[in-house]
$ cat data-v3.cif   # mmCIF, C-alpha atoms
data_structure
#
loop_
_atom_site.label_atom_id
_atom_site.label_comp_id
_atom_site.auth_asym_id
_atom_site.auth_seq_id
_atom_site.Cartn_x
_atom_site.Cartn_y
_atom_site.Cartn_z
CA MET A 1003 102.14 36.12 241.39
CA HIS A 1004 104.10 38.28 238.95
CA ILE A 1005 101.67 40.25 236.78
CA LEU A 1006 102.98 41.72 233.51
CA PHE A 1007 100.60 44.44 232.30
CA LEU A 1008 100.72 46.24 228.93
CA THR A 1009 98.89 49.56 228.76
CA ASP A 1010 99.15 52.52 226.43
CA ASN A 1011 98.19 54.90 229.27
CA PHE A 1012 99.58 55.20 232.78
CA PRO A 1013 100.12 58.00 235.32
CA PRO A 1014 100.94 60.81 235.27
CA GLU A 1015 98.31 60.57 232.53
CA GLY A 1016 94.95 60.94 234.23
CA ASN A 1017 92.46 59.32 231.86
CA ALA A 1018 90.30 56.38 232.88
CA PRO A 1019 92.57 53.57 231.57
CA ALA A 1020 95.65 55.05 233.27
CA THR A 1021 93.86 55.56 236.56
CA ARG A 1022 92.23 52.13 236.61
CA THR A 1023 95.47 50.30 235.83
CA TYR A 1024 97.51 52.23 238.40
CA GLU A 1025 94.98 51.86 241.21
CA HIS A 1026 94.51 48.14 240.57
CA ALA A 1027 98.28 47.56 240.35
CA ARG A 1028 98.88 49.50 243.56
CA GLU A 1029 96.38 47.32 245.40
CA TRP A 1030 97.90 44.12 244.00
CA VAL A 1031 101.35 45.20 245.21
CA THR A 1032 99.89 45.91 248.64
CA LEU A 1033 98.55 42.34 248.66
CA GLY A 1034 102.05 40.99 248.04
CA HIS A 1035 102.07 40.50 244.28
CA LYS A 1036 104.70 41.81 241.88
CA VAL A 1037 103.48 44.06 239.07
CA THR A 1038 105.44 45.16 236.01
CA ILE A 1039 103.84 47.77 233.79
CA ILE A 1040 104.97 48.36 230.21
CA THR A 1041 103.80 51.72 228.86
CA GLY A 1042 105.03 54.70 226.86
CA ALA A 1043 106.08 58.24 227.70
CA PRO A 1044 103.05 60.10 229.07
CA ASN A 1045 101.52 62.25 226.33
CA PHE A 1046 97.72 61.74 226.31
CA PRO A 1047 95.64 63.46 225.00
CA GLU A 1048 97.58 66.32 223.39
CA GLY A 1049 100.32 64.11 221.95
CA LYS A 1050 103.03 66.07 223.76
CA VAL A 1051 105.39 64.37 226.18
CA TYR A 1052 104.80 65.59 229.73
CA GLU A 1053 107.39 67.76 231.41
CA GLY A 1054 110.07 65.69 233.13
CA TYR A 1055 109.71 62.77 230.72
CA LYS A 1056 111.33 61.87 227.38
CA ASN A 1057 110.30 59.51 224.62
CA ARG A 1058 113.35 57.32 225.22
CA LEU A 1059 114.07 53.93 223.73
CA TYR A 1060 113.65 52.45 227.21
CA SER A 1061 113.52 53.58 230.83
CA CYS A 1062 112.54 52.00 234.12
CA ALA A 1063 111.43 53.57 237.40
CA PRO A 1064 109.30 52.37 240.33
CA MET A 1065 105.98 53.99 241.23
CA ASP A 1066 104.41 53.06 244.57
CA GLY A 1067 105.98 49.61 244.44
CA ILE A 1068 105.01 49.05 240.80
CA GLU A 1069 107.85 48.48 238.33
CA VAL A 1070 107.13 50.84 235.42
CA ARG A 1071 108.99 50.26 232.17
CA ARG A 1072 108.52 52.92 229.50
CA VAL A 1073 109.24 52.27 225.82
CA VAL A 1074 109.65 54.47 222.77
CA THR A 1075 106.57 55.05 220.58
CA TYR A 1076 105.44 57.19 217.68
CA ILE A 1077 103.64 59.99 219.50
CA THR A 1078 100.70 61.88 218.06
CA ALA A 1079 97.67 63.73 219.39
CA ASN A 1080 94.46 61.76 219.92
CA GLU A 1081 93.22 62.62 216.43
CA GLY A 1082 93.67 61.38 212.87
CA PHE A 1083 93.08 57.69 212.17
CA ILE A 1084 96.35 56.92 210.33
CA LYS A 1085 98.58 58.66 212.85
CA ARG A 1086 96.81 56.99 215.75
CA ILE A 1087 97.24 53.58 214.15
CA LEU A 1088 100.97 54.28 213.77
CA ASP A 1089 101.05 55.24 217.45
CA TYR A 1090 99.28 52.01 218.42
CA LEU A 1091 101.47 49.82 216.21
CA SER A 1092 104.68 51.37 217.53
CA PHE A 1093 103.61 50.71 221.13
CA MET A 1094 102.64 47.14 220.26
CA ALA A 1095 106.10 46.47 218.80
CA SER A 1096 108.08 48.23 221.54
CA ALA A 1097 106.04 46.70 224.36
CA PHE A 1098 106.42 43.21 222.87
CA VAL A 1099 110.21 43.53 222.72
CA ALA A 1100 110.43 45.01 226.23
CA GLY A 1101 108.19 42.24 227.56
CA LEU A 1102 110.65 39.60 226.40
CA PHE A 1103 113.13 40.89 229.00
CA VAL A 1104 110.77 40.85 232.00
CA ARG A 1105 111.89 38.09 234.35
CA LYS A 1106 109.49 35.26 235.18
CA PRO A 1107 106.00 36.74 234.74
CA ASP A 1108 103.15 34.41 235.66
CA ILE A 1109 100.49 36.11 233.54
CA VAL A 1110 100.25 38.76 230.79
CA ILE A 1111 97.45 41.34 230.72
CA ALA A 1112 96.86 43.90 227.98
CA THR A 1113 94.17 46.55 227.98
CA SER A 1114 92.18 48.28 225.28
CA PRO A 1115 90.56 50.66 224.09
CA GLN A 1116 92.86 50.06 221.12
CA PHE A 1117 93.51 46.37 220.72
CA PHE A 1118 96.93 46.55 219.04
CA CYS A 1119 98.06 46.74 222.66
CA ALA A 1120 96.09 43.54 223.25
CA LEU A 1121 97.65 41.96 220.17
CA GLY A 1122 101.10 42.72 221.57
CA GLY A 1123 100.05 41.17 224.87
CA TRP A 1124 98.76 38.01 223.20
CA MET A 1125 101.96 37.62 221.14
CA LEU A 1126 104.07 38.11 224.24
CA ALA A 1127 102.05 35.59 226.23
CA ALA A 1128 102.23 33.11 223.35
CA VAL A 1129 106.02 33.19 222.94
CA ARG A 1130 106.52 33.05 226.70
CA PHE A 1131 103.92 30.28 227.19
CA LYS A 1132 101.96 32.34 229.73
CA PRO A 1133 98.20 32.88 230.15
CA PHE A 1134 96.81 35.96 228.39
CA VAL A 1135 94.09 38.20 229.84
CA PHE A 1136 92.37 40.80 227.65
CA GLU A 1137 90.98 43.76 229.64
CA LEU A 1138 88.17 45.08 227.48
CA ARG A 1139 87.54 48.79 227.95
CA ASP A 1140 85.84 49.57 224.63
CA ILE A 1141 84.26 47.80 221.65
CA TRP A 1142 86.88 48.82 219.11
CA PRO A 1143 86.82 49.40 216.12
CA ALA A 1144 83.03 49.89 216.37
CA SER A 1145 83.68 53.05 218.40
CA ILE A 1146 85.66 54.53 215.49
CA THR A 1147 82.69 54.39 213.15
CA ALA A 1148 80.26 55.36 215.94
CA VAL A 1149 81.84 58.82 216.29
CA GLY A 1150 82.22 59.29 212.55
CA ALA A 1151 86.02 59.15 212.59
CA MET A 1152 85.95 56.51 209.86
CA LYS A 1153 83.29 54.95 207.65
CA PRO A 1154 82.75 51.19 207.38
CA SER A 1155 85.38 49.87 205.00
CA ARG A 1156 87.65 46.94 204.22
CA ALA A 1157 90.11 48.25 206.83
CA ILE A 1158 87.39 48.26 209.48
CA ARG A 1159 86.34 44.73 208.54
CA LEU A 1160 89.94 43.54 208.88
CA LEU A 1161 90.16 45.17 212.30
CA GLU A 1162 86.93 43.44 213.33
CA LYS A 1163 88.42 40.07 212.35
CA LEU A 1164 91.49 40.84 214.44
CA GLU A 1165 89.21 41.87 217.31
CA LEU A 1166 87.36 38.54 217.26
CA PHE A 1167 90.65 36.64 216.97
CA LEU A 1168 91.89 38.24 220.19
CA TYR A 1169 88.63 37.57 222.05
CA ARG A 1170 88.84 33.92 221.09
CA ARG A 1171 92.53 33.52 221.92
CA ALA A 1172 92.36 35.24 225.31
CA ASP A 1173 92.45 32.83 228.24
CA ARG A 1174 90.23 35.27 230.08
CA ILE A 1175 88.50 38.57 229.30
CA VAL A 1176 87.84 41.20 231.94
CA SER A 1177 85.14 43.59 230.71
CA VAL A 1178 84.45 46.98 232.30
CA THR A 1179 80.70 46.73 231.58
CA HIS A 1180 78.05 44.03 231.59
CA SER A 1181 76.92 45.35 228.20
CA PHE A 1182 80.29 44.56 226.64
CA LYS A 1183 80.05 41.01 227.96
CA ARG A 1184 76.60 40.57 226.43
CA GLU A 1185 77.92 41.95 223.12
CA LEU A 1186 80.77 39.43 223.06
CA VAL A 1187 78.52 36.50 223.97
CA ALA A 1188 76.15 37.52 221.15
CA ARG A 1189 79.12 37.37 218.79
CA GLY A 1190 79.97 33.82 219.79
CA ILE A 1191 82.55 34.34 222.56
CA ASP A 1192 82.34 31.94 225.51
CA GLY A 1193 80.66 33.85 228.33
CA GLY A 1194 82.23 31.52 230.87
CA LYS A 1195 85.63 33.11 230.35
CA ILE A 1196 84.39 36.70 230.67
CA ASP A 1197 84.35 38.47 234.03
CA VAL A 1198 82.96 41.96 234.60
CA VAL A 1199 84.86 44.40 236.81
CA LEU A 1200 83.35 47.87 236.66
CA ASN A 1201 85.33 51.06 236.97
CA GLY A 1202 85.38 52.72 240.34
CA VAL A 1203 86.97 55.36 242.51
CA ASP A 1204 89.74 55.65 245.08
CA LEU A 1205 87.74 56.61 248.16
CA SER A 1206 90.90 57.57 250.04
CA LYS A 1207 91.38 60.52 247.64
CA TYR A 1208 87.87 61.43 246.53
CA GLN A 1209 85.49 62.58 249.22
CA PRO A 1210 83.24 65.59 249.87
CA MET A 1211 85.06 68.84 250.55
CA ALA A 1212 84.35 72.53 250.64
CA LYS A 1213 84.99 74.52 247.47
CA ASP A 1214 88.68 75.25 247.12
CA PRO A 1215 88.81 78.97 248.00
CA GLU A 1216 91.93 79.70 245.94
CA LEU A 1217 90.62 78.12 242.75
CA ALA A 1218 87.13 79.55 243.26
CA LEU A 1219 88.55 83.07 243.62
CA GLN A 1220 90.93 82.61 240.69
CA HIS A 1221 88.12 81.64 238.34
CA GLY A 1222 85.31 83.81 239.68
CA LEU A 1223 83.21 80.93 240.97
CA GLN A 1224 82.45 82.18 244.49
CA GLY A 1225 78.72 82.04 245.15
CA LYS A 1226 77.97 80.45 241.77
CA PHE A 1227 76.16 77.23 240.92
CA VAL A 1228 78.80 75.33 238.93
CA ALA A 1229 77.78 72.69 236.39
CA ALA A 1230 81.00 71.00 235.28
CA TYR A 1231 82.11 68.82 232.43
CA ILE A 1232 85.33 67.14 233.58
CA GLY A 1233 87.24 64.72 231.38
CA THR A 1234 88.35 64.13 227.82
CA HIS A 1235 87.00 66.51 225.17
CA GLY A 1236 86.68 64.24 222.14
CA MET A 1237 84.41 63.46 219.22
CA ALA A 1238 82.54 60.91 221.32
CA HIS A 1239 81.49 63.48 223.91
CA ALA A 1240 79.60 66.00 221.72
CA VAL A 1241 80.48 68.83 224.08
CA ASP A 1242 79.01 71.36 221.63
CA THR A 1243 75.70 70.57 223.35
CA ILE A 1244 77.10 71.86 226.65
CA VAL A 1245 78.39 75.02 224.97
CA GLU A 1246 74.98 75.63 223.40
CA ALA A 1247 73.36 75.11 226.80
CA ALA A 1248 75.74 77.68 228.28
CA GLU A 1249 74.69 80.12 225.58
CA LYS A 1250 71.04 79.72 226.60
CA LEU A 1251 71.96 80.16 230.27
CA GLN A 1252 73.67 83.54 229.86
CA HIS A 1253 70.77 85.28 231.55
CA ARG A 1254 71.55 83.36 234.76
CA ASP A 1255 74.48 85.15 236.36
CA ASP A 1256 74.30 82.71 239.28
CA ILE A 1257 75.21 79.73 237.03
CA ARG A 1258 78.62 78.91 235.56
CA ILE A 1259 79.63 76.12 233.15
CA LEU A 1260 83.07 74.69 233.90
CA PHE A 1261 85.22 72.63 231.53
CA ALA A 1262 88.30 70.78 232.79
CA GLY A 1263 90.32 68.38 230.67
CA GLY A 1264 91.95 68.10 227.28
CA GLY A 1265 91.49 66.14 224.11
CA SER A 1266 91.22 66.33 220.36
CA ASP A 1267 88.18 68.61 220.54
CA ALA A 1268 89.35 70.92 223.35
CA ALA A 1269 90.83 73.70 221.20
CA ARG A 1270 87.77 73.79 218.95
CA VAL A 1271 85.42 73.99 221.94
CA GLU A 1272 87.37 76.91 223.41
CA ALA A 1273 87.28 78.66 220.02
CA LEU A 1274 83.52 78.12 219.86
CA VAL A 1275 83.06 79.73 223.27
CA ARG A 1276 85.15 82.73 222.20
CA GLU A 1277 83.19 83.00 218.97
CA LYS A 1278 79.93 83.10 220.92
CA HIS A 1279 81.40 85.62 223.43
CA LEU A 1280 80.20 83.54 226.38
CA THR A 1281 81.15 85.01 229.75
CA ASN A 1282 79.57 82.23 231.83
CA VAL A 1283 82.04 79.50 230.75
CA VAL A 1284 85.30 78.73 232.56
CA PHE A 1285 88.10 76.55 231.15
CA LEU A 1286 90.67 74.93 233.43
CA GLY A 1287 92.37 72.76 230.80
CA ARG A 1288 94.01 69.43 231.56
CA GLN A 1289 94.95 69.08 235.23
CA ASP A 1290 97.41 66.83 237.01
CA LYS A 1291 95.58 63.84 238.48
CA SER A 1292 96.70 64.81 241.98
CA LEU A 1293 94.80 68.11 241.64
CA MET A 1294 91.51 66.58 240.54
CA PRO A 1295 89.84 66.45 243.98
CA ARG A 1296 90.42 70.22 244.24
CA VAL A 1297 88.90 70.69 240.78
CA TRP A 1298 85.90 68.53 241.64
CA SER A 1299 85.42 70.58 244.82
CA LEU A 1300 84.47 73.58 242.67
CA CYS A 1301 81.47 71.75 241.24
CA ASP A 1302 77.87 71.54 242.30
CA LEU A 1303 76.76 69.32 239.43
CA SER A 1304 78.68 66.80 237.32
CA VAL A 1305 77.67 66.85 233.65
CA VAL A 1306 78.29 63.56 231.86
CA HIS A 1307 77.63 63.61 228.12
CA LEU A 1308 78.11 61.37 225.09
CA ARG A 1309 77.07 61.48 221.47
CA ASP A 1310 73.62 60.03 220.72
CA THR A 1311 74.90 56.79 219.18
CA GLU A 1312 73.64 53.25 219.73
CA LEU A 1313 77.10 51.97 220.70
CA PHE A 1314 77.28 54.31 223.69
CA ARG A 1315 74.38 52.55 225.38
CA SER A 1316 77.01 50.04 226.54
CA VAL A 1317 79.53 52.60 227.85
CA ILE A 1318 79.92 53.62 231.51
CA PRO A 1319 81.84 56.93 231.84
CA SER A 1320 84.13 56.45 234.83
CA LYS A 1321 83.66 60.04 236.01
CA ILE A 1322 80.28 59.13 237.49
CA PHE A 1323 82.06 57.19 240.24
CA GLU A 1324 84.30 60.13 241.13
CA SER A 1325 81.15 62.28 241.17
CA PHE A 1326 79.51 59.87 243.64
CA ALA A 1327 82.55 59.93 245.91
CA MET A 1328 82.62 63.74 245.93
CA GLY A 1329 78.91 63.80 246.75
CA LEU A 1330 78.01 65.44 243.45
CA PRO A 1331 74.69 64.87 241.71
CA VAL A 1332 75.07 63.72 238.10
CA LEU A 1333 73.37 65.22 235.05
CA MET A 1334 73.55 62.29 232.64
CA GLY A 1335 73.15 63.02 228.92
CA VAL A 1336 74.04 59.56 227.63
CA PRO A 1337 72.08 57.11 225.44
CA GLU A 1338 69.83 55.04 227.70
CA GLY A 1339 71.72 51.94 228.81
CA GLU A 1340 74.00 50.65 231.55
CA ALA A 1341 75.36 54.03 232.67
CA THR A 1342 71.96 55.71 232.90
CA GLY A 1343 70.74 52.62 234.74
CA ILE A 1344 73.41 53.07 237.41
CA VAL A 1345 72.50 56.72 238.02
CA GLN A 1346 68.79 55.91 238.14
CA LYS A 1347 69.29 52.87 240.39
CA GLU A 1348 71.41 54.90 242.80
CA ARG A 1349 68.98 57.87 242.59
CA ALA A 1350 72.04 60.10 242.34
CA GLY A 1351 71.01 62.51 239.60
CA VAL A 1352 69.00 63.31 236.51
CA VAL A 1353 68.98 61.54 233.15
CA ILE A 1354 68.26 63.54 229.98
CA PRO A 1355 68.41 62.62 226.28
CA PRO A 1356 71.89 63.22 224.80
CA GLN A 1357 72.46 66.16 222.44
CA VAL A 1358 69.17 67.86 223.41
CA VAL A 1359 70.15 71.38 224.45
CA ASP A 1360 66.82 72.48 225.88
CA ALA A 1361 66.63 69.40 228.12
CA MET A 1362 70.09 70.18 229.49
CA VAL A 1363 69.23 73.84 230.10
CA ALA A 1364 65.98 72.93 231.88
CA ALA A 1365 67.70 70.36 234.09
CA ILE A 1366 70.52 72.71 235.11
CA GLU A 1367 68.07 75.48 235.98
CA GLN A 1368 65.79 73.12 237.90
CA LEU A 1369 68.69 71.83 240.00
CA ALA A 1370 70.19 75.28 240.56
CA ASP A 1371 66.82 76.48 241.87
CA ASN A 1372 66.09 73.49 244.11
CA PRO A 1373 68.60 73.13 246.98
CA ALA A 1374 66.48 70.46 248.68
CA LEU A 1375 66.53 68.25 245.59
CA MET A 1376 70.28 68.77 245.24
CA ALA A 1377 70.79 67.76 248.86
CA GLU A 1378 68.78 64.58 248.28
CA TYR A 1379 70.84 63.65 245.23
CA ARG A 1380 74.07 64.37 247.14
CA GLN A 1381 72.99 62.03 249.93
CA TYR A 1382 72.27 59.20 247.48
CA ALA A 1383 75.53 59.79 245.57
CA LEU A 1384 77.57 59.46 248.76
CA ALA A 1385 75.68 56.34 249.76
CA ALA A 1386 76.45 54.79 246.35
CA ALA A 1387 80.19 55.51 246.34
CA PRO A 1388 81.32 52.58 248.58
CA ARG A 1389 79.76 50.14 246.11
CA TYR A 1390 82.37 51.26 243.56
CA ASP A 1391 85.40 51.31 245.84
CA ARG A 1392 88.51 50.69 243.72
CA LYS A 1393 90.15 48.59 246.44
CA SER A 1394 87.30 46.08 246.36
CA LEU A 1395 87.18 46.07 242.56
CA ALA A 1396 90.94 45.45 242.37
CA GLY A 1397 90.33 42.36 244.48
CA ASP A 1398 87.62 41.22 242.08
CA MET A 1399 89.98 41.52 239.12
CA LEU A 1400 92.73 39.72 241.01
CA GLU A 1401 90.33 36.82 241.56
CA SER A 1402 89.74 36.74 237.81
CA LEU A 1403 93.49 36.51 237.23
CA THR A 1404 93.89 33.70 239.73
CA LYS A 1405 91.24 31.67 237.89
CA VAL A 1406 93.63 31.63 234.91
CA THR A 1407 96.83 30.92 236.82
CA ARG A 1408 95.19 28.08 238.81
CA LYS A 1409 94.44 26.17 235.63
CA GLY A 1410 97.59 27.28 233.78
CA GLY A 1411 95.86 29.15 230.98
CA GLY A 1412 93.18 28.11 228.48
#

$ encode --input "data-v3.cif" --output "structure tokens"
Amino acid sequence: MHILFLTDNFPPEGNAPATRTYEHAREWVTLGHKVTIITGAPNFPEGKVYEGYKNRLYSCAPMDGIEVRRVVTYITANEGFIKRILDYLSFMASAFVAGLFVRKPDIVIATSPQFFCALGGWMLAAVRFKPFVFELRDIWPASITAVGAMKPSRAIRLLEKLELFLYRRADRIVSVTHSFKRELVARGIDGGKIDVVLNGVDLSKYQPMAKDPELALQHGLQGKFVAAYIGTHGMAHAVDTIVEAAEKLQHRDDIRILFAGGGSDAARVEALVREKHLTNVVFLGRQDKSLMPRVWSLCDLSVVHLRDTELFRSVIPSKIFESFAMGLPVLMGVPEGEATGIVQKERAGVVIPPQVVDAMVAAIEQLADNPALMAEYRQYALAAAPRYDRKSLAGDMLESLTKVTRKGGG
């Protein structure tokens, strides 16, 4: 099977959509399938093209057996509604044109969070008379209003109509959470054409390891209990809560708060830490994906946090699976829902209410002072990791694709 996949993010970008798509595609190639990726120049989340790349009209280069075609887009940082829409629209147009020149695809997949990418995939599938699969990674545009980036308006209502149009026209939908599937079914979408394939982790790369001595020395983390927030710093993540927790933990010289990652809120968070004169906070910035196991090795506790918004009950932050694989207990400050259910079911950490500073402080201190409890959580995290093995999940998604190709679309 020749799989044509449209995605706004792809390595060397290291966010969840890029990682999921790459690791699935790599497995499909290993199984003998051909995969063509259409994406843009890597620039997420700062909106700056990575070193060694250019925002060219078109370029093509293989990556681990995957054919990667990059197209020109309007590039902007992950902030500002109008600029982001221009970014999304430019990728939709460029990817659609580039997709017309891909030889003999059997199926077209497009992934959210932003569904202009999905719209480009549907148009491409339609003109080429191929089945279309919508990979649903976020309920968009609801997530825009959930974080306060935009108020409900006529524009939002138009986007919601487009959203439903794409759900209905897709031959198959692959959702990354069961909650998203339930949401779509409640809105009248046929549940029989929706499969759920959770996010996961590459167990060949992520596994327990001793703290990287070079990085620990460089950042003054030797002998410290490190509670780490690793991932995108955006409006959805309300990382101010973690900064405020760090402020209340200044009396504990044995505890450090580590931030690693970039995003629209990263500069403001660093400025906030400087303003508060916090000496117990370490910033590593955005790291190359290949370095992430070393970064994770510095951590004793993985802090996962989201804004206290109803929509985020249905979200599963993918970093919890990397935490499991590294044998790291999870401190989960996320609205009670599917993600908190996973951590509780696996007994791999502690769940606290989101955006409650005192609860976060108390949990970090309790875990830092209780090595036996930490060891128990580590054991359960490691036991859980194989259930979220990316290789197995890639096979599950491939089975979803074959359901479509067997019947020749919807």

$ residues_around --input "data-v3.cif" --residues "segment 1038-1051 of chain A" --least-positions-apart "5" --cutoff "8 Å" --atoms "all atoms listed in the file" --output "PyMOL selection string"
chain A and resi 1004-1015+1056-1058+1068-1075+1077-1080+1093+1097+1100-1101+1104+1234+1264-1266

$ closest_atom_pairs --input "data-v3.cif" --of "segment 1008-1118 of chain A" --to "segment 1204-1209 of chain A" --cutoff "12 Å" --atoms "only C-alpha atoms" --output "Markdown table"
| residue | atom | partner | partner_atom | distance |
| --- | --- | --- | --- | --- |
| A:Thr1021 | CA | A:Asp1204 | CA | 9.5 |
| A:Arg1022 | CA | A:Asp1204 | CA | 9.5 |
| A:Tyr1024 | CA | A:Asp1204 | CA | 10.8 |
| A:Glu1025 | CA | A:Asp1204 | CA | 7.5 |
| A:His1026 | CA | A:Asp1204 | CA | 10.0 |
| A:Arg1028 | CA | A:Asp1204 | CA | 11.1 |
| A:Glu1029 | CA | A:Asp1204 | CA | 10.7 |

$ atom_distance --input "data-v3.cif" --atom1 "atom CA of Met1003 of chain A" --atom2 "atom CA of Arg1130 of chain A"
15.6 Å

$ axis_aligned_box --input "data-v3.cif" --around "segment 1167-1175 of chain A" --padding-each-side "4 Å" --output "JSON"
{"center_x": 90.5, "center_y": 35.7, "center_z": 223.5, "size_x": 12.0, "size_y": 13.7, "size_z": 21.1}

$ atom_distance --input "data-v3.cif" --atom1 "atom CA of Arg1258 of chain A" --atom2 "atom CA of Val1284 of chain A"
7.3 Å

$ closest_residue --input "data-v3.cif" --among "A:Ala1374, A:Val1037, A:Ala1387, A:Met1362" --to "Asp1108 of chain A" --atoms "only C-alpha atoms"
A:Val1037

$ atom_distance --input "data-v3.cif" --atom1 "atom CA of Gly1287 of chain A" --atom2 "atom CA of Gly1263 of chain A"
4.8 Å
